[in-house]
file start16.cif (mmCIF, C-alpha atoms)
data_upload
#
loop_
_atom_site.label_atom_id
_atom_site.label_comp_id
_atom_site.auth_asym_id
_atom_site.auth_seq_id
_atom_site.Cartn_x
_atom_site.Cartn_y
_atom_site.Cartn_z
CA MET J 1 115.19 131.88 84.60
CA ASN J 2 115.19 134.64 82.01
CA THR J 3 112.21 136.95 82.51
CA GLU J 4 113.44 139.94 80.47
CA MET J 5 110.58 139.61 77.98
CA PHE J 6 108.11 140.56 80.72
CA ASP J 7 109.76 143.97 81.09
CA LYS J 8 108.45 144.89 77.63
CA MET J 9 104.88 143.66 78.16
CA GLU J 10 101.98 145.92 79.12
CA ALA J 11 99.43 144.77 81.72
CA PRO J 12 96.93 143.23 79.22
CA GLU J 13 99.69 141.23 77.56
CA LEU J 14 101.04 140.07 80.94
CA ARG J 15 97.53 139.02 81.96
CA SER J 16 97.13 137.00 78.75
CA TYR J 17 100.46 135.33 79.36
CA ILE J 18 99.51 134.47 82.96
CA GLU J 19 96.25 132.96 81.70
CA PHE J 20 98.22 130.90 79.17
CA LEU J 21 100.62 129.68 81.89
CA LEU J 22 97.75 128.64 84.15
CA TRP J 23 96.00 126.83 81.30
CA ASN J 24 99.26 125.12 80.31
CA TYR J 25 99.89 124.12 83.94
CA ARG J 26 96.53 122.33 84.00
CA VAL J 27 97.10 120.68 80.62
CA VAL J 28 100.49 119.29 81.66
CA ASP J 29 98.98 117.94 84.89
CA ALA J 30 96.09 116.33 82.99
CA PHE J 31 98.23 114.61 80.37
CA TRP J 32 100.74 113.47 83.00
CA PHE J 33 97.91 111.78 84.90
CA LEU J 34 96.23 110.28 81.82
CA TYR J 35 99.44 108.81 80.44
CA THR J 36 100.54 107.52 83.84
CA ALA J 37 97.17 105.78 84.25
CA GLU J 38 97.41 104.40 80.71
CA GLN J 39 100.86 102.93 81.28
CA PHE J 40 100.69 101.85 84.93
CA GLY J 41 96.98 101.67 85.76
CA GLN J 42 94.49 104.04 87.36
CA GLU J 43 95.27 103.05 90.95
CA SER J 44 99.01 103.59 90.45
CA ALA J 45 98.40 106.97 88.81
CA GLU J 46 96.20 108.01 91.72
CA HIS J 47 98.85 106.89 94.23
CA VAL J 48 101.65 108.79 92.46
CA ASN J 49 99.34 111.80 92.13
CA GLU J 50 98.79 111.72 95.90
CA ARG J 51 102.53 111.70 96.52
CA VAL J 52 103.13 114.56 94.08
CA TRP J 53 100.38 116.80 95.48
CA HIS J 54 101.34 116.12 99.09
CA ARG J 55 104.66 117.78 98.20
CA VAL J 56 103.34 120.41 95.79
CA GLY J 57 100.92 121.96 98.31
CA GLY J 58 103.67 122.85 100.76
CA ILE J 59 106.09 123.93 98.04
CA ALA J 60 103.45 126.25 96.56
CA ALA J 61 102.58 127.74 99.95
CA ARG J 62 106.25 128.38 100.77
CA GLY J 63 106.74 130.07 97.39
CA LEU J 64 103.66 132.23 97.83
CA VAL J 65 104.61 133.25 101.38
CA LYS J 66 108.08 134.18 100.15
CA ALA J 67 106.69 136.24 97.25
CA PHE J 68 103.78 137.71 99.24
CA PRO J 69 104.92 137.74 102.90
CA LEU J 70 102.38 137.25 105.65
CA GLY J 71 102.61 139.31 108.79
CA VAL J 72 102.44 137.52 112.13
CA GLU J 73 98.84 138.71 112.49
CA GLU J 74 98.02 137.02 109.16
CA ARG J 75 98.86 133.49 110.19
CA GLY J 76 95.96 131.24 111.09
CA LEU J 77 92.85 131.08 108.95
CA LYS J 78 93.17 134.66 107.63
CA GLY J 79 96.66 133.90 106.34
CA LEU J 80 95.43 130.63 104.85
CA VAL J 81 92.69 132.40 102.90
CA LYS J 82 95.00 135.20 101.74
CA THR J 83 97.56 132.70 100.46
CA MET J 84 95.02 130.19 99.11
CA ARG J 85 93.48 132.91 96.92
CA LEU J 86 96.89 133.24 95.19
CA PHE J 87 97.29 129.47 94.68
CA PRO J 88 97.14 128.66 90.95
CA TRP J 89 94.62 125.86 91.49
CA THR J 90 92.23 128.22 93.27
CA ILE J 91 92.22 130.30 90.10
CA LEU J 92 92.16 127.35 87.69
CA ILE J 93 89.44 125.35 89.40
CA GLY J 94 87.44 128.22 90.86
CA TYR J 95 87.48 127.26 94.52
CA HIS J 96 84.77 128.97 96.53
CA ILE J 97 86.19 130.04 99.87
CA LYS J 98 83.85 130.98 102.71
CA GLU J 99 85.45 132.41 105.85
CA SER J 100 84.16 132.72 109.37
CA ASP J 101 86.03 133.39 112.61
CA ASP J 102 86.50 129.72 113.44
CA GLU J 103 86.61 127.92 110.08
CA VAL J 104 87.11 128.17 106.36
CA ILE J 105 84.98 126.13 103.98
CA LEU J 106 86.40 125.47 100.53
CA THR J 107 84.00 124.08 97.92
CA VAL J 108 84.44 123.08 94.31
CA PRO J 109 81.12 123.55 92.53
CA SER J 110 82.46 122.38 89.17
CA CYS J 111 85.78 120.61 88.84
CA PRO J 112 87.05 121.04 85.26
CA VAL J 113 89.25 117.95 85.64
CA GLN J 114 86.40 115.68 86.75
CA VAL J 115 83.94 117.26 84.29
CA ALA J 116 86.35 116.57 81.40
CA ARG J 117 86.81 112.96 82.54
CA LEU J 118 83.05 112.42 82.78
CA ARG J 119 82.52 114.00 79.35
CA ARG J 120 85.04 111.52 77.89
CA GLY J 121 83.44 108.55 79.66
CA LEU J 122 86.43 108.01 81.97
CA GLY J 123 84.56 108.39 85.26
CA GLU J 124 85.73 110.39 88.24
CA PHE J 125 89.18 109.70 89.55
CA VAL J 126 89.81 109.28 93.26
CA CYS J 127 91.20 112.61 94.44
CA LYS J 128 90.27 112.72 98.14
CA GLU J 129 93.65 111.71 99.59
CA MET J 130 95.52 113.74 96.97
CA HIS J 131 93.71 116.90 98.07
CA ARG J 132 93.92 116.01 101.75
CA GLY J 133 97.72 115.90 101.49
CA GLU J 134 97.85 118.97 99.23
CA PHE J 135 95.67 121.08 101.51
CA ASP J 136 97.30 119.83 104.70
CA SER J 137 100.85 120.54 103.51
CA PHE J 138 99.72 123.94 102.19
CA ALA J 139 97.98 124.86 105.45
CA LYS J 140 100.84 123.72 107.70
CA VAL J 141 103.19 126.18 105.96
CA ILE J 142 100.82 129.01 106.88
CA ASP J 143 100.19 127.86 110.45
CA ASP J 144 100.90 124.40 111.87
CA ARG J 145 97.74 124.61 114.01
CA ILE J 146 95.49 124.47 110.93
CA GLU J 147 93.65 121.18 110.52
CA VAL J 148 91.96 119.96 107.36
CA GLU J 149 88.76 117.96 107.28
CA CYS J 150 87.27 116.45 104.15
CA ILE J 151 83.51 116.80 104.17
CA PHE J 152 83.32 114.91 100.86
CA ALA J 153 85.43 114.37 97.73
CA PRO J 154 85.59 111.66 95.08
CA PRO J 155 85.21 108.72 95.54
CA ASP J 156 82.59 109.90 98.07
CA PRO J 157 79.07 110.50 96.79
CA HIS J 158 78.49 114.20 96.26
CA PRO J 159 75.73 116.55 95.12
CA GLU J 160 75.51 117.26 91.40
CA ASP J 161 76.40 120.90 91.99
CA THR J 162 79.48 120.31 94.18
CA PHE J 163 82.38 117.92 93.62
CA CYS J 164 84.12 118.37 96.93
CA LYS J 165 84.00 120.32 100.16
CA TRP J 166 86.75 120.88 102.72
CA ARG J 167 86.88 122.46 106.16
CA PHE J 168 89.93 124.19 107.64
CA PHE J 169 90.02 125.06 111.34
CA LEU J 170 92.51 125.69 114.14
CA LYS J 171 93.32 123.14 116.78
CA ASP J 172 93.80 124.65 120.21
CA ALA J 173 96.84 123.83 122.36
CA GLY J 174 95.08 120.79 123.82
CA GLY J 175 94.52 119.30 120.37
CA ARG J 176 90.79 120.09 120.32
CA ASP J 177 88.86 121.63 117.45
CA SER J 178 88.63 125.30 118.43
CA GLY J 179 85.70 125.72 116.04
CA SER J 180 83.35 123.39 117.89
#

call {"tool": "encode", "arguments": {"input": "start16.cif", "output": "structure tokens"}}
result
Amino acid sequence: MNTEMFDKMEAPELRSYIEFLLWNYRVVDAFWFLYTAEQFGQESAEHVNERVWHRVGGIAARGLVKAFPLGVEERGLKGLVKTMRLFPWTILIGYHIKESDDEVILTVPSCPVQVARLRRGLGEFVCKEMHRGEFDSFAKVIDDRIEVECIFAPPDPHPEDTFCKWRFFLKDAGGRDSGS
């Protein structure tokens, strides 16, 4: 990878380039999904998407932890939140992350992907298992005690002002939810 051009960029230019990269990342993902669904069917595209994002979540978390190391004290839910805030999709989608001592709630008030599909008359795509795998593989890199619970996500019914909601919590040594 040749990154020499970045050495000559000032902060505003670097920021613009990062914004372009994030936008382009989303566009590639969107067209990949649309064309896969067009050629092989919606259900097949959703299945392949699940497989991709089950891998991508962990890969992204490992890359972020390598670039922005977590101290031992930052494992668990605090480490998850710190790392999740750097995840490109948190920035792209605008995840809302609410922390407490025993759980983290991630909500998506407006999903640009689903909003664009609805605007084009395509309907929501099923993303629940895709995100379950993505979030689980991401969380397990941070701390293998972190569990992920889907409160709701498409195809589940959801409020107009929230597309999906997820809960992250630690399992204790006996396998019980330490947040209950």

call {"tool": "residues_around", "arguments": {"input": "start16.cif", "residues": "region 161-175 of chain J", "least_positions_apart": "5", "cutoff": "6 Å", "atoms": "only C-alpha atoms", "output": "VMD selection string"}}
result
chain J and resid 103 to 109 145 to 153

call {"tool": "atom_distance", "arguments": {"input": "start16.cif", "atom1": "CA of Lys66 (chain J)", "atom2": "CA of Val81 (chain J)"}}
result
15.7 Å

call {"tool": "closest_residue", "arguments": {"input": "start16.cif", "among": "J:His47, J:Tyr17, J:Pro154, J:Arg75", "to": "Met5 (chain J)", "atoms": "all atoms listed in the file"}}
result
J:Tyr17

call {"tool": "residues_around", "arguments": {"input": "start16.cif", "residues": "Leu122 (chain J)", "least_positions_apart": "4", "cutoff": "12 Å", "atoms": "all atoms listed in the file", "output": "PyMOL selection string"}}
result
chain J and resi 34+37-38+42+113-118+126

call {"tool": "write_last_selection", "arguments": {"input": "start16.cif", "atoms": "C-alpha atoms", "output": "short mmCIF file (atom, residue, chain, number, x, y, z; two decimals), in the coordinates of the input"}}
result
data_model
loop_
_atom_site.label_atom_id
_atom_site.label_comp_id
_atom_site.auth_asym_id
_atom_site.auth_seq_id
_atom_site.Cartn_x
_atom_site.Cartn_y
_atom_site.Cartn_z
CA LEU J 34 96.23 110.28 81.82
CA ALA J 37 97.17 105.78 84.25
CA GLU J 38 97.41 104.40 80.71
CA GLN J 42 94.49 104.04 87.36
CA VAL J 113 89.25 117.95 85.64
CA GLN J 114 86.40 115.68 86.75
CA VAL J 115 83.94 117.26 84.29
CA ALA J 116 86.35 116.57 81.40
CA ARG J 117 86.81 112.96 82.54
CA LEU J 118 83.05 112.42 82.78
CA VAL J 126 89.81 109.28 93.26
#

call {"tool": "closest_atom_pairs", "arguments": {"input": "start16.cif", "of": "region 116-141 of chain J", "to": "region 82-95 of chain J", "cutoff": "10 Å", "atoms": "all atoms listed in the file", "output": "JSON lines"}}
result
{"residue": "J:Phe135", "atom": "CA", "partner": "J:Met84", "partner_atom": "CA", "distance": 9.4}
{"residue": "J:Phe138", "atom": "CA", "partner": "J:Met84", "partner_atom": "CA", "distance": 8.4}
{"residue": "J:Ala139", "atom": "CA", "partner": "J:Met84", "partner_atom": "CA", "distance": 8.8}

call {"tool": "atom_distance", "arguments": {"input": "start16.cif", "atom1": "CA of Gly76 (chain J)", "atom2": "CA of Asp143 (chain J)"}}
result
5.5 Å

call {"tool": "atom_distance", "arguments": {"input": "start16.cif", "atom1": "CA of Asp29 (chain J)", "atom2": "CA of Gly63 (chain J)"}}
result
19.1 Å

call {"tool": "closest_residue", "arguments": {"input": "start16.cif", "among": "J:Asp144, J:Glu124, J:Asp136, J:Glu160", "to": "Ser110 (chain J)", "atoms": "all atoms listed in the file"}}
result
J:Glu160

call {"tool": "closest_residue", "arguments": {"input": "start16.cif", "among": "J:Val65, J:Gly58, J:His96, J:Phe125", "to": "Ala30 (chain J)", "atoms": "only C-alpha atoms"}}
result
J:Phe125

call {"tool": "closest_residue", "arguments": {"input": "start16.cif", "among": "J:Lys128, J:Pro12, J:Glu50, J:Ala45", "to": "Pro157 (chain J)", "atoms": "only C-alpha atoms"}}
result
J:Lys128

call {"tool": "residues_near_point", "arguments": {"input": "start16.cif", "point": "(97.0, 117.9, 95.2)", "cutoff": "8 Å", "atoms": "all atoms listed in the file", "output": "PyMOL selection string"}}
result
chain J and resi 49-50+52-54+56-57+127+130-135
